[in-house]
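So this block is data_17.cif, mmCIF, C-alpha atoms (C1' of nucleotides):
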data_work
#
loop_
_atom_site.group_PDB
_atom_site.id
_atom_site.type_symbol
_atom_site.label_atom_id
_atom_site.label_comp_id
_atom_site.auth_asym_id
_atom_site.auth_seq_id
_atom_site.Cartn_x
_atom_site.Cartn_y
_atom_site.Cartn_z
ATOM 1 C CA MET A 1 0.000 0.000 0.000
ATOM 2 C CA ASN A 2 1.520 3.275 -1.085
ATOM 3 C CA PRO A 3 -0.137 6.071 0.775
ATOM 4 C CA GLU A 4 1.601 8.648 -1.368
ATOM 5 C CA THR A 5 0.364 8.153 -4.882
ATOM 6 C CA THR A 6 3.249 9.734 -6.727
ATOM 7 C CA GLN A 7 1.725 13.064 -7.612
ATOM 8 C CA ARG A 8 3.730 15.410 -9.693
ATOM 9 C CA ASN A 9 3.430 19.148 -9.711
ATOM 10 C CA THR A 10 2.317 20.260 -13.107
ATOM 11 C CA LYS A 11 1.148 23.562 -14.510
ATOM 12 C CA GLN A 12 -2.240 22.110 -15.215
ATOM 13 C CA ARG A 13 -2.727 20.937 -11.689
ATOM 14 C CA SER A 14 -1.839 24.316 -10.246
ATOM 15 C CA ALA A 15 -3.997 26.046 -12.814
ATOM 16 C CA VAL A 16 -7.052 24.049 -11.850
ATOM 17 C CA SER A 17 -6.294 24.557 -8.209
ATOM 18 C CA ALA A 18 -5.846 28.277 -8.764
ATOM 19 C CA VAL A 19 -9.154 28.690 -10.525
ATOM 20 C CA LEU A 20 -10.905 26.799 -7.772
ATOM 21 C CA GLY A 21 -9.252 29.060 -5.258
ATOM 22 C CA GLU A 22 -10.454 32.217 -6.951
ATOM 23 C CA THR A 23 -14.030 31.292 -7.609
ATOM 24 C CA GLU A 24 -16.993 31.162 -5.321
ATOM 25 C CA GLY A 25 -19.529 28.425 -5.213
ATOM 26 C CA PHE A 26 -19.686 25.192 -7.108
ATOM 27 C CA HIS A 27 -18.629 24.756 -10.684
ATOM 28 C CA SER A 28 -18.900 21.908 -13.123
ATOM 29 C CA ALA A 29 -15.848 20.406 -14.759
ATOM 30 C CA GLN A 30 -16.853 21.970 -18.029
ATOM 31 C CA ASP A 31 -17.270 25.339 -16.365
ATOM 32 C CA LEU A 32 -13.789 25.171 -14.984
ATOM 33 C CA HIS A 33 -12.458 24.076 -18.323
ATOM 34 C CA ALA A 34 -14.014 27.121 -19.972
ATOM 35 C CA MET A 35 -12.621 29.423 -17.294
ATOM 36 C CA LEU A 36 -9.159 28.040 -17.793
ATOM 37 C CA ARG A 37 -9.403 28.635 -21.493
ATOM 38 C CA ASP A 38 -10.510 32.201 -20.933
ATOM 39 C CA ARG A 39 -7.499 32.754 -18.762
ATOM 40 C CA GLY A 40 -5.300 31.580 -21.562
ATOM 41 C CA GLU A 41 -4.358 28.318 -19.901
ATOM 42 C CA ARG A 42 -4.287 25.489 -22.342
ATOM 43 C CA VAL A 43 -5.680 22.566 -20.445
ATOM 44 C CA GLY A 44 -7.468 19.609 -21.927
ATOM 45 C CA LEU A 45 -10.922 18.728 -20.743
ATOM 46 C CA THR A 46 -9.780 15.228 -19.923
ATOM 47 C CA THR A 47 -7.092 16.625 -17.695
ATOM 48 C CA VAL A 48 -9.551 18.842 -15.884
ATOM 49 C CA TYR A 49 -11.672 15.832 -15.087
ATOM 50 C CA ARG A 50 -8.724 13.809 -13.914
ATOM 51 C CA THR A 51 -7.266 16.631 -11.884
ATOM 52 C CA LEU A 52 -10.580 17.243 -10.192
ATOM 53 C CA GLN A 53 -10.892 13.577 -9.362
ATOM 54 C CA GLY A 54 -7.433 13.628 -7.925
ATOM 55 C CA LEU A 55 -8.132 16.675 -5.820
ATOM 56 C CA ALA A 56 -11.376 15.163 -4.653
ATOM 57 C CA ASP A 57 -9.629 11.955 -3.665
ATOM 58 C CA ALA A 58 -7.058 13.979 -1.802
ATOM 59 C CA GLY A 59 -9.865 15.664 0.065
ATOM 60 C CA GLU A 60 -8.880 19.108 -1.167
ATOM 61 C CA ILE A 61 -12.175 19.783 -2.863
ATOM 62 C CA ASP A 62 -15.755 18.752 -2.395
ATOM 63 C CA VAL A 63 -17.955 17.119 -4.956
ATOM 64 C CA MET A 64 -21.688 17.523 -5.187
ATOM 65 C CA ARG A 65 -24.072 15.674 -7.448
ATOM 66 C CA PRO A 66 -27.063 17.897 -7.899
ATOM 67 C CA PRO A 67 -30.206 16.672 -9.652
ATOM 68 C CA GLY A 68 -28.995 18.531 -12.729
ATOM 69 C CA GLY A 69 -26.745 15.633 -13.571
ATOM 70 C CA GLU A 70 -23.372 17.353 -13.630
ATOM 71 C CA HIS A 71 -20.757 16.955 -10.990
ATOM 72 C CA LEU A 72 -19.983 20.183 -9.222
ATOM 73 C CA TYR A 73 -16.688 20.868 -7.575
ATOM 74 C CA ARG A 74 -15.658 23.423 -5.038
ATOM 75 C CA ARG A 75 -12.706 24.198 -2.864
ATOM 76 C CA CYS A 76 -13.893 24.019 0.692
ATOM 77 C CA SER A 77 -12.515 24.299 4.145
ATOM 78 C CA GLN A 78 -10.615 21.158 4.904
ATOM 79 C CA GLY A 79 -12.598 19.817 7.794
ATOM 80 C CA HIS A 80 -15.780 17.860 7.492
ATOM 81 C CA HIS A 81 -18.774 20.080 6.880
ATOM 82 C CA HIS A 82 -21.958 20.346 4.902
ATOM 83 C CA HIS A 83 -23.551 22.757 2.492
ATOM 84 C CA LEU A 84 -26.565 24.950 2.545
ATOM 85 C CA VAL A 85 -27.324 25.706 -1.072
ATOM 86 C CA CYS A 86 -29.754 28.158 -2.603
ATOM 87 C CA ARG A 87 -31.619 26.257 -5.241
ATOM 88 C CA SER A 88 -32.279 29.437 -7.143
ATOM 89 C CA CYS A 89 -28.981 31.319 -7.325
ATOM 90 C CA GLY A 90 -26.616 28.585 -6.217
ATOM 91 C CA ARG A 91 -25.206 30.567 -3.340
ATOM 92 C CA THR A 92 -23.512 28.256 -0.885
ATOM 93 C CA VAL A 93 -22.976 28.458 2.813
ATOM 94 C CA GLU A 94 -20.800 26.037 4.675
ATOM 95 C CA VAL A 95 -22.290 24.719 7.852
ATOM 96 C CA ALA A 96 -20.909 22.472 10.510
ATOM 97 C CA GLY A 97 -23.061 20.038 12.425
ATOM 98 C CA PRO A 98 -21.202 18.161 15.092
ATOM 99 C CA ALA A 99 -24.497 16.843 16.386
ATOM 100 C CA VAL A 100 -25.268 15.356 12.995
ATOM 101 C CA GLU A 101 -21.888 13.692 12.776
ATOM 102 C CA SER A 102 -22.273 11.935 16.069
ATOM 103 C CA TRP A 103 -25.869 11.083 15.353
ATOM 104 C CA ALA A 104 -24.930 9.409 12.084
ATOM 105 C CA GLU A 105 -22.169 7.452 13.790
ATOM 106 C CA LYS A 106 -24.499 6.375 16.543
ATOM 107 C CA VAL A 107 -27.317 5.270 14.280
ATOM 108 C CA ALA A 108 -24.943 3.346 12.045
ATOM 109 C CA GLY A 109 -23.361 1.729 15.067
ATOM 110 C CA GLN A 110 -26.733 0.635 16.377
ATOM 111 C CA HIS A 111 -27.181 -1.367 13.204
ATOM 112 C CA GLY A 112 -23.685 -2.796 13.376
ATOM 113 C CA PHE A 113 -22.375 -0.785 10.458
ATOM 114 C CA VAL A 114 -18.724 0.126 10.448
ATOM 115 C CA ASP A 115 -16.518 2.410 8.406
ATOM 116 C CA VAL A 116 -19.257 4.985 8.291
ATOM 117 C CA SER A 117 -19.426 8.084 6.163
ATOM 118 C CA HIS A 118 -22.323 10.260 5.163
ATOM 119 C CA THR A 119 -23.445 12.977 2.830
ATOM 120 C CA LEU A 120 -25.766 15.796 3.712
ATOM 121 C CA GLU A 121 -26.948 18.715 1.646
ATOM 122 C CA ILE A 122 -29.496 21.282 2.631
ATOM 123 C CA PHE A 123 -31.419 23.051 -0.102
ATOM 124 C CA GLY A 124 -33.462 26.153 0.266
ATOM 125 C CA THR A 125 -34.123 29.602 -1.114
ATOM 126 C CA CYS A 126 -31.828 32.323 0.116
ATOM 127 C CA PRO A 127 -33.211 35.648 1.382
ATOM 128 C CA GLU A 128 -32.367 37.587 -1.774
ATOM 129 C CA CYS A 129 -33.996 35.089 -4.098
ATOM 130 C CA ALA A 130 -36.988 34.777 -1.844
ATOM 131 C CA ALA A 131 -37.399 38.556 -1.919
ATOM 132 C CA LYS A 132 -37.132 38.683 -5.700
ATOM 133 C CA SER A 133 -39.939 36.287 -6.333
ATOM 134 C CA MET B 134 -50.867 24.284 -5.239
ATOM 135 C CA ASN B 135 -51.709 21.295 -7.312
ATOM 136 C CA PRO B 136 -52.486 22.329 -10.882
ATOM 137 C CA GLU B 137 -54.156 19.101 -11.776
ATOM 138 C CA THR B 138 -51.494 16.498 -12.154
ATOM 139 C CA THR B 139 -53.785 14.632 -14.510
ATOM 140 C CA GLN B 140 -52.447 11.160 -13.942
ATOM 141 C CA ARG B 141 -54.148 8.245 -15.544
ATOM 142 C CA ASN B 142 -54.044 4.753 -14.226
ATOM 143 C CA THR B 143 -52.357 2.518 -16.716
ATOM 144 C CA LYS B 144 -51.194 -1.059 -16.679
ATOM 145 C CA GLN B 145 -47.618 0.054 -16.982
ATOM 146 C CA ARG B 146 -47.844 2.332 -14.023
ATOM 147 C CA SER B 147 -49.271 -0.407 -11.832
ATOM 148 C CA ALA B 148 -46.710 -2.847 -13.137
ATOM 149 C CA VAL B 149 -43.825 -0.609 -12.167
ATOM 150 C CA SER B 150 -45.408 0.105 -8.843
ATOM 151 C CA ALA B 151 -45.941 -3.605 -8.264
ATOM 152 C CA VAL B 152 -42.359 -4.504 -8.977
ATOM 153 C CA LEU B 153 -41.166 -1.796 -6.650
ATOM 154 C CA GLY B 154 -43.476 -3.151 -4.008
ATOM 155 C CA GLU B 155 -42.093 -6.651 -4.248
ATOM 156 C CA THR B 156 -38.412 -5.913 -4.300
ATOM 157 C CA GLU B 157 -36.060 -4.972 -1.551
ATOM 158 C CA GLY B 158 -33.480 -2.287 -1.725
ATOM 159 C CA PHE B 159 -32.716 0.168 -4.450
ATOM 160 C CA HIS B 160 -32.866 -0.635 -8.136
ATOM 161 C CA SER B 161 -31.899 1.272 -11.219
ATOM 162 C CA ALA B 162 -34.388 2.086 -13.913
ATOM 163 C CA GLN B 163 -32.740 -0.423 -16.190
ATOM 164 C CA ASP B 164 -32.927 -3.077 -13.498
ATOM 165 C CA LEU B 165 -36.614 -2.540 -13.095
ATOM 166 C CA HIS B 166 -37.085 -2.619 -16.820
ATOM 167 C CA ALA B 167 -35.356 -5.989 -16.993
ATOM 168 C CA MET B 168 -37.467 -7.319 -14.129
ATOM 169 C CA LEU B 169 -40.644 -6.249 -15.847
ATOM 170 C CA ARG B 170 -39.586 -8.011 -19.000
ATOM 171 C CA ASP B 171 -38.857 -11.176 -17.055
ATOM 172 C CA ARG B 172 -42.325 -11.035 -15.611
ATOM 173 C CA GLY B 173 -43.740 -10.880 -19.088
ATOM 174 C CA GLU B 174 -44.876 -7.282 -18.797
ATOM 175 C CA ARG B 175 -44.290 -5.370 -21.962
ATOM 176 C CA VAL B 176 -43.110 -1.992 -20.846
ATOM 177 C CA GLY B 177 -40.845 0.340 -22.741
ATOM 178 C CA LEU B 178 -37.712 1.617 -21.137
ATOM 179 C CA THR B 179 -38.809 5.172 -21.768
ATOM 180 C CA THR B 180 -42.011 4.512 -19.910
ATOM 181 C CA VAL B 181 -40.163 3.047 -16.964
ATOM 182 C CA TYR B 182 -38.114 6.209 -16.685
ATOM 183 C CA ARG B 183 -41.138 8.439 -16.949
ATOM 184 C CA THR B 184 -43.183 6.408 -14.539
ATOM 185 C CA LEU B 185 -40.392 6.441 -12.004
ATOM 186 C CA GLN B 186 -40.084 10.182 -12.335
ATOM 187 C CA GLY B 187 -43.780 10.521 -11.832
ATOM 188 C CA LEU B 188 -43.756 8.339 -8.748
ATOM 189 C CA ALA B 189 -40.799 10.219 -7.403
ATOM 190 C CA ASP B 190 -42.540 13.532 -7.948
ATOM 191 C CA ALA B 191 -45.585 12.180 -6.198
ATOM 192 C CA GLY B 192 -43.379 11.246 -3.287
ATOM 193 C CA GLU B 193 -44.249 7.568 -3.533
ATOM 194 C CA ILE B 194 -40.700 6.451 -4.079
ATOM 195 C CA ASP B 195 -37.274 7.645 -3.123
ATOM 196 C CA VAL B 196 -34.445 8.410 -5.496
ATOM 197 C CA MET B 197 -30.792 8.068 -4.693
ATOM 198 C CA ARG B 198 -27.866 9.181 -6.818
ATOM 199 C CA PRO B 199 -24.941 7.028 -5.810
ATOM 200 C CA PRO B 200 -21.443 7.763 -7.073
ATOM 201 C CA GLY B 201 -21.964 4.989 -9.595
ATOM 202 C CA GLY B 202 -23.841 7.362 -11.817
ATOM 203 C CA GLU B 203 -27.167 5.586 -12.103
ATOM 204 C CA HIS B 204 -30.322 6.713 -10.430
ATOM 205 C CA LEU B 205 -31.640 4.205 -7.956
ATOM 206 C CA TYR B 206 -35.261 3.994 -6.988
ATOM 207 C CA ARG B 207 -36.992 2.384 -4.081
ATOM 208 C CA ARG B 208 -40.398 2.265 -2.528
ATOM 209 C CA CYS B 209 -40.052 3.601 0.968
ATOM 210 C CA SER B 210 -42.224 4.360 3.883
ATOM 211 C CA GLN B 211 -44.119 7.524 3.180
ATOM 212 C CA GLY B 212 -42.795 9.761 5.906
ATOM 213 C CA HIS B 213 -39.564 11.626 5.759
ATOM 214 C CA HIS B 214 -36.606 9.436 6.591
ATOM 215 C CA HIS B 215 -33.078 8.668 5.586
ATOM 216 C CA HIS B 216 -31.087 5.663 4.501
ATOM 217 C CA LEU B 217 -28.263 3.717 5.950
ATOM 218 C CA VAL B 218 -26.744 1.837 3.047
ATOM 219 C CA CYS B 219 -24.135 -0.893 3.007
ATOM 220 C CA ARG B 220 -21.632 0.111 0.384
ATOM 221 C CA SER B 221 -20.707 -3.507 -0.178
ATOM 222 C CA CYS B 222 -23.960 -5.456 -0.462
ATOM 223 C CA GLY B 223 -26.393 -2.603 -0.900
ATOM 224 C CA ARG B 224 -28.486 -3.559 2.089
ATOM 225 C CA THR B 225 -30.591 -0.640 3.190
ATOM 226 C CA VAL B 226 -31.965 0.366 6.537
ATOM 227 C CA GLU B 227 -34.400 3.186 6.955
ATOM 228 C CA VAL B 228 -33.598 5.495 9.783
ATOM 229 C CA ALA B 229 -35.448 8.436 11.211
ATOM 230 C CA GLY B 230 -33.672 11.413 12.665
ATOM 231 C CA PRO B 231 -36.008 13.992 14.104
ATOM 232 C CA ALA B 232 -33.029 15.780 15.587
ATOM 233 C CA VAL B 233 -31.478 16.131 12.161
ATOM 234 C CA GLU B 234 -34.658 17.492 10.661
ATOM 235 C CA SER B 235 -34.955 20.236 13.195
ATOM 236 C CA TRP B 236 -31.250 20.957 13.065
ATOM 237 C CA ALA B 237 -31.388 21.438 9.304
ATOM 238 C CA GLU B 238 -34.370 23.726 9.623
ATOM 239 C CA LYS B 239 -32.705 25.738 12.314
ATOM 240 C CA VAL B 240 -29.413 26.147 10.488
ATOM 241 C CA ALA B 241 -31.148 27.141 7.279
ATOM 242 C CA GLY B 242 -33.311 29.587 9.180
ATOM 243 C CA GLN B 243 -30.296 31.198 10.772
ATOM 244 C CA HIS B 244 -29.068 32.063 7.303
ATOM 245 C CA GLY B 245 -32.447 33.324 6.212
ATOM 246 C CA PHE B 246 -33.130 30.441 3.882
ATOM 247 C CA VAL B 247 -36.719 29.420 3.347
ATOM 248 C CA ASP B 248 -38.496 26.511 1.734
ATOM 249 C CA VAL B 249 -35.911 24.151 3.083
ATOM 250 C CA SER B 250 -35.364 20.542 2.192
ATOM 251 C CA HIS B 251 -32.402 18.283 2.624
ATOM 252 C CA THR B 252 -30.887 14.999 1.631
ATOM 253 C CA LEU B 253 -28.918 12.714 3.865
ATOM 254 C CA GLU B 254 -27.432 9.338 3.185
ATOM 255 C CA ILE B 255 -25.269 7.313 5.493
ATOM 256 C CA PHE B 256 -22.862 4.821 3.989
ATOM 257 C CA GLY B 257 -21.071 2.074 5.818
ATOM 258 C CA THR B 258 -20.270 -1.598 5.825
ATOM 259 C CA CYS B 259 -22.896 -3.851 7.330
ATOM 260 C CA PRO B 260 -21.976 -6.505 9.919
ATOM 261 C CA GLU B 261 -22.153 -9.401 7.462
ATOM 262 C CA CYS B 262 -19.945 -7.772 4.881
ATOM 263 C CA ALA B 263 -17.530 -6.603 7.517
ATOM 264 C CA ALA B 264 -17.255 -10.173 8.776
ATOM 265 C CA LYS B 265 -16.686 -11.565 5.294
ATOM 266 C CA SER B 266 -13.685 -9.416 4.577
ATOM 267 C "C1'" DG C 267 22.197 17.016 -18.955
ATOM 268 C "C1'" DC C 268 19.910 12.267 -19.294
ATOM 269 C "C1'" DG C 269 16.455 9.020 -18.986
ATOM 270 C "C1'" DC C 270 12.588 6.944 -16.840
ATOM 271 C "C1'" DC C 271 7.923 7.334 -16.018
ATOM 272 C "C1'" DT C 272 3.974 9.917 -14.980
ATOM 273 C "C1'" DT C 273 0.926 13.159 -16.969
ATOM 274 C "C1'" DT C 274 -1.121 15.255 -20.661
ATOM 275 C "C1'" DG C 275 -4.602 15.961 -24.312
ATOM 276 C "C1'" DA C 276 -7.100 15.134 -28.707
ATOM 277 C "C1'" DC C 277 -10.352 12.039 -30.011
ATOM 278 C "C1'" DA C 278 -13.329 8.100 -29.814
ATOM 279 C "C1'" DA C 279 -16.275 5.333 -27.079
ATOM 280 C "C1'" DT C 280 -19.647 4.550 -23.550
ATOM 281 C "C1'" DC C 281 -23.966 4.753 -21.535
ATOM 282 C "C1'" DA C 282 -27.673 6.520 -18.769
ATOM 283 C "C1'" DT C 283 -31.163 9.583 -19.618
ATOM 284 C "C1'" DT C 284 -34.231 12.526 -22.410
ATOM 285 C "C1'" DG C 285 -36.709 14.051 -26.703
ATOM 286 C "C1'" DT C 286 -39.714 12.893 -30.607
ATOM 287 C "C1'" DC C 287 -43.918 11.623 -32.509
ATOM 288 C "C1'" DA C 288 -47.168 8.365 -34.421
ATOM 289 C "C1'" DT C 289 -50.051 4.998 -32.202
ATOM 290 C "C1'" DT C 290 -52.806 3.292 -28.411
ATOM 291 C "C1'" DA C 291 -55.468 3.180 -24.267
ATOM 292 C "C1'" DT C 292 -57.840 5.613 -20.503
ATOM 293 C "C1'" DC C 293 -61.496 8.243 -18.510
ATOM 294 C "C1'" DG C 294 -65.440 11.045 -18.281
ATOM 295 C "C1'" DA C 295 -69.568 12.279 -20.564
ATOM 296 C "C1'" DC C 296 -73.546 10.947 -22.773
ATOM 297 C "C1'" DG D 297 -72.150 0.595 -23.312
ATOM 298 C "C1'" DT D 298 -70.185 3.737 -26.616
ATOM 299 C "C1'" DC D 299 -67.591 7.816 -28.138
ATOM 300 C "C1'" DG D 300 -64.134 11.133 -28.383
ATOM 301 C "C1'" DA D 301 -60.595 14.097 -26.451
ATOM 302 C "C1'" DT D 302 -56.332 13.640 -24.786
ATOM 303 C "C1'" DA D 303 -52.826 11.753 -21.931
ATOM 304 C "C1'" DA D 304 -49.696 7.811 -22.005
ATOM 305 C "C1'" DT D 305 -46.947 4.669 -24.440
ATOM 306 C "C1'" DG D 306 -42.865 2.895 -26.861
ATOM 307 C "C1'" DA D 307 -39.420 2.327 -30.578
ATOM 308 C "C1'" DC D 308 -35.823 4.955 -31.920
ATOM 309 C "C1'" DA D 309 -32.740 8.835 -32.245
ATOM 310 C "C1'" DA D 310 -30.344 12.331 -29.882
ATOM 311 C "C1'" DT D 311 -28.007 14.306 -26.177
ATOM 312 C "C1'" DG D 312 -24.196 15.100 -23.290
ATOM 313 C "C1'" DA D 313 -21.355 14.228 -19.433
ATOM 314 C "C1'" DT D 314 -17.788 11.209 -18.263
ATOM 315 C "C1'" DT D 315 -14.222 7.694 -19.212
ATOM 316 C "C1'" DG D 316 -10.836 5.074 -22.109
ATOM 317 C "C1'" DT D 317 -6.978 5.157 -25.292
ATOM 318 C "C1'" DC D 318 -2.381 5.980 -26.580
ATOM 319 C "C1'" DA D 319 1.279 8.655 -28.623
ATOM 320 C "C1'" DA D 320 3.761 12.728 -27.240
ATOM 321 C "C1'" DA D 321 5.638 15.845 -23.758
ATOM 322 C "C1'" DG D 322 7.310 17.322 -19.446
ATOM 323 C "C1'" DG D 323 8.862 16.656 -14.389
ATOM 324 C "C1'" DC D 324 11.948 14.692 -11.194
ATOM 325 C "C1'" DG D 325 15.854 12.083 -9.501
ATOM 326 C "C1'" DC D 326 20.256 11.014 -10.868
#
Reformat the file's structure so that it appears as structure tokens.
Amino acid sequence: MNPETTQRNTKQRSAVSAVLGETEGFHSAQDLHAMLRDRGERVGLTTVYRTLQGLADAGEIDVMRPPGGEHLYRRCSQGHHHHLVCRSCGRTVEVAGPAVESWAEKVAGQHGFVDVSHTLEIFGTCPECAAKS
Amino acid sequence: MNPETTQRNTKQRSAVSAVLGETEGFHSAQDLHAMLRDRGERVGLTTVYRTLQGLADAGEIDVMRPPGGEHLYRRCSQGHHHHLVCRSCGRTVEVAGPAVESWAEKVAGQHGFVDVSHTLEIFGTCPECAAKS
DNA sequence: GCGCCTTTGACAATCATTGTCATTATCGAC
DNA sequence: GTCGATAATGACAATGATTGTCAAAGGCGC
């Protein structure tokens, strides 16, 4: 078992990372690819996908699978947390829920499940969007 | 707020509903389609998809979007609840978490979000699968 | 600098899901 | 029970995100 999957530092990887660092909210792989092109970076779509997967595996970014069908990626704070997403404008707020974490662990444990993880997303309409409609 | 969801009762709809009622766990649309064919029901794949969407909209079934990429459907108890899924054998346990519900509402409210909903899935390895490995 | 080996990227392939549209079946009215 | 409007169906094509492929290029240790 090699814990350190030989990762090399390439321009493309930093470019993707940089874009993620400068943008707010979630973006699809294709979005990010377009942004990179606009910035003049020449990065292949395939590479964007692979880089994002790598970053996601490394825990440096979060992945969300909205009903829309595309994967959305976002750089988030490192620790475990969840998202409160406006279903109208896409605005995202990070929320922490220690109570939820322990609850999930407890419930899973009661059923004998081990190696537990969980996903939680909260959807709603943010104040601005609610006011608009 | 129900603008007449004009739904007709058709053989296909009952067939899909019946299969869902007799199976355990989550199944993909294509799975269900295959099952229906085995039973001798002649149902088009397109119809299976549409029927499932309809049932999901009506709240009669639950949809899950696992990392695998396929949509999985399952008939569940009507009330709001969540799932504890074995990531090895797919076994599913329904769990209720009143505390989580209220927590989500509260957190969303604190940020001014309205019309709140949420999704929560817990993944783990069930006792049997854990023992096997 | 040199060479090995990972990464890259253009393109093709995959595959679940959705759109299309002529045909069929359902439901309410009579 | 019959009729007719109209929603539902289903075979097929289309879509579109994601993944696979493989030759070429670049990073890293030496």
Point (-20.2, 14.3, -18.6), cut-off 9 Å, counting all atoms listed in the file, residues as a PyMOL selection string: (chain A and resi 29-30+69-71) or (chain D and resi 312-315)
Separation of CA of Glu101 (chain A) from CA of Ala241 (chain B) in Å: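 Here the two named atoms are 17.2 Å from each other.
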Contact residues (chain A, partner chain B, 6 Å, only C-alpha atoms) as a PyMOL selection string: chain A and resi 112-127
Target residues per the PyMOL selection byres ((chain C) within 8 of (chain B)), formatted as a PyMOL selection string: chain C and resi 282+292-293
Please report, as CSV, each residue of chain B lying at most 9 Å from chain D, together with the nearest pair of atoms and the separation in Å rounded to one decimal; use all atoms listed in the file, and order rows by chain and ascending residue number.
residue,atom,partner,partner_atom,distance
B:Thr139,CA,D:DA303,C1',8.0
B:Gln140,CA,D:DA303,C1',8.0
B:Arg141,CA,D:DA303,C1',7.4
B:Thr143,CA,D:DA304,C1',7.9
B:Gln145,CA,D:DT305,C1',8.8
B:Val176,CA,D:DG306,C1',7.8
B:Gly177,CA,D:DG306,C1',5.3
B:Leu178,CA,D:DG306,C1',7.8
B:Thr179,CA,D:DG306,C1',6.9
B:Thr180,CA,D:DT305,C1',6.7
Pairwise distance for CA of Asp57 (chain A) and CA of Asp31 (chain A), rounded to one decimal in Å: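 CA of Asp57 (chain A) sits 20.0 Å away from CA of Asp31 (chain A).
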Which residue of B:Ala264, B:Cys222, B:Leu188, B:Leu169 approaches Ala148 (chain B) most closely, using only C-alpha atoms: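 Looking only at the distances to Ala148 (chain B), the closest residue turns out to be B:Leu169.
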Between CA of Gln211 (chain B) and CA of Val152 (chain B), distance in Å (one decimal):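 Calculated distance between CA of Gln211 (chain B) and CA of Val152 (chain B) is 17.2 Å.
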Answer key for the PyMOL selection byres ((chain B and resi 191) around 12), residues as an mmCIF file with C-alpha atoms, in the coordinates of the input:
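Result went into part-v4.cif, see below:
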data_model
loop_
_atom_site.group_PDB
_atom_site.id
_atom_site.type_symbol
_atom_site.label_atom_id
_atom_site.label_comp_id
_atom_site.auth_asym_id
_atom_site.auth_seq_id
_atom_site.Cartn_x
_atom_site.Cartn_y
_atom_site.Cartn_z
ATOM 1 C CA ASN B 135 -51.709 21.295 -7.312
ATOM 2 C CA THR B 138 -51.494 16.498 -12.154
ATOM 3 C CA THR B 139 -53.785 14.632 -14.510
ATOM 4 C CA GLN B 140 -52.447 11.160 -13.942
ATOM 5 C CA THR B 184 -43.183 6.408 -14.539
ATOM 6 C CA LEU B 185 -40.392 6.441 -12.004
ATOM 7 C CA GLN B 186 -40.084 10.182 -12.335
ATOM 8 C CA GLY B 187 -43.780 10.521 -11.832
ATOM 9 C CA LEU B 188 -43.756 8.339 -8.748
ATOM 10 C CA ALA B 189 -40.799 10.219 -7.403
ATOM 11 C CA ASP B 190 -42.540 13.532 -7.948
ATOM 12 C CA GLY B 192 -43.379 11.246 -3.287
ATOM 13 C CA GLU B 193 -44.249 7.568 -3.533
ATOM 14 C CA ILE B 194 -40.700 6.451 -4.079
ATOM 15 C CA ASP B 195 -37.274 7.645 -3.123
ATOM 16 C CA VAL B 196 -34.445 8.410 -5.496
ATOM 17 C CA ARG B 208 -40.398 2.265 -2.528
ATOM 18 C CA GLN B 211 -44.119 7.524 3.180
#
Once the PyMOL selection byres ((chain A and resi 21) around 12) has been evaluated on this model, what residues remain selected, and can you format them as a PDB file with C-alpha atoms, keeping the file's coordinate frame?
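The resulting result22.pdb:
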ATOM      1  CA  SER A  14      -1.839  24.316 -10.246  1.00  0.00           C
ATOM      2  CA  ALA A  15      -3.997  26.046 -12.814  1.00  0.00           C
ATOM      3  CA  VAL A  16      -7.052  24.049 -11.850  1.00  0.00           C
ATOM      4  CA  SER A  17      -6.294  24.557  -8.209  1.00  0.00           C
ATOM      5  CA  ALA A  18      -5.846  28.277  -8.764  1.00  0.00           C
ATOM      6  CA  VAL A  19      -9.154  28.690 -10.525  1.00  0.00           C
ATOM      7  CA  LEU A  20     -10.905  26.799  -7.772  1.00  0.00           C
ATOM      8  CA  GLU A  22     -10.454  32.217  -6.951  1.00  0.00           C
ATOM      9  CA  THR A  23     -14.030  31.292  -7.609  1.00  0.00           C
ATOM     10  CA  GLU A  24     -16.993  31.162  -5.321  1.00  0.00           C
ATOM     11  CA  GLY A  25     -19.529  28.425  -5.213  1.00  0.00           C
ATOM     12  CA  PHE A  26     -19.686  25.192  -7.108  1.00  0.00           C
ATOM     13  CA  HIS A  27     -18.629  24.756 -10.684  1.00  0.00           C
ATOM     14  CA  LEU A  32     -13.789  25.171 -14.984  1.00  0.00           C
ATOM     15  CA  GLU A  60      -8.880  19.108  -1.167  1.00  0.00           C
ATOM     16  CA  ILE A  61     -12.175  19.783  -2.863  1.00  0.00           C
ATOM     17  CA  TYR A  73     -16.688  20.868  -7.575  1.00  0.00           C
ATOM     18  CA  ARG A  74     -15.658  23.423  -5.038  1.00  0.00           C
ATOM     19  CA  ARG A  75     -12.706  24.198  -2.864  1.00  0.00           C
ATOM     20  CA  CYS A  76     -13.893  24.019   0.692  1.00  0.00           C
ATOM     21  CA  SER A  77     -12.515  24.299   4.145  1.00  0.00           C
TER      22      SER A  77
END
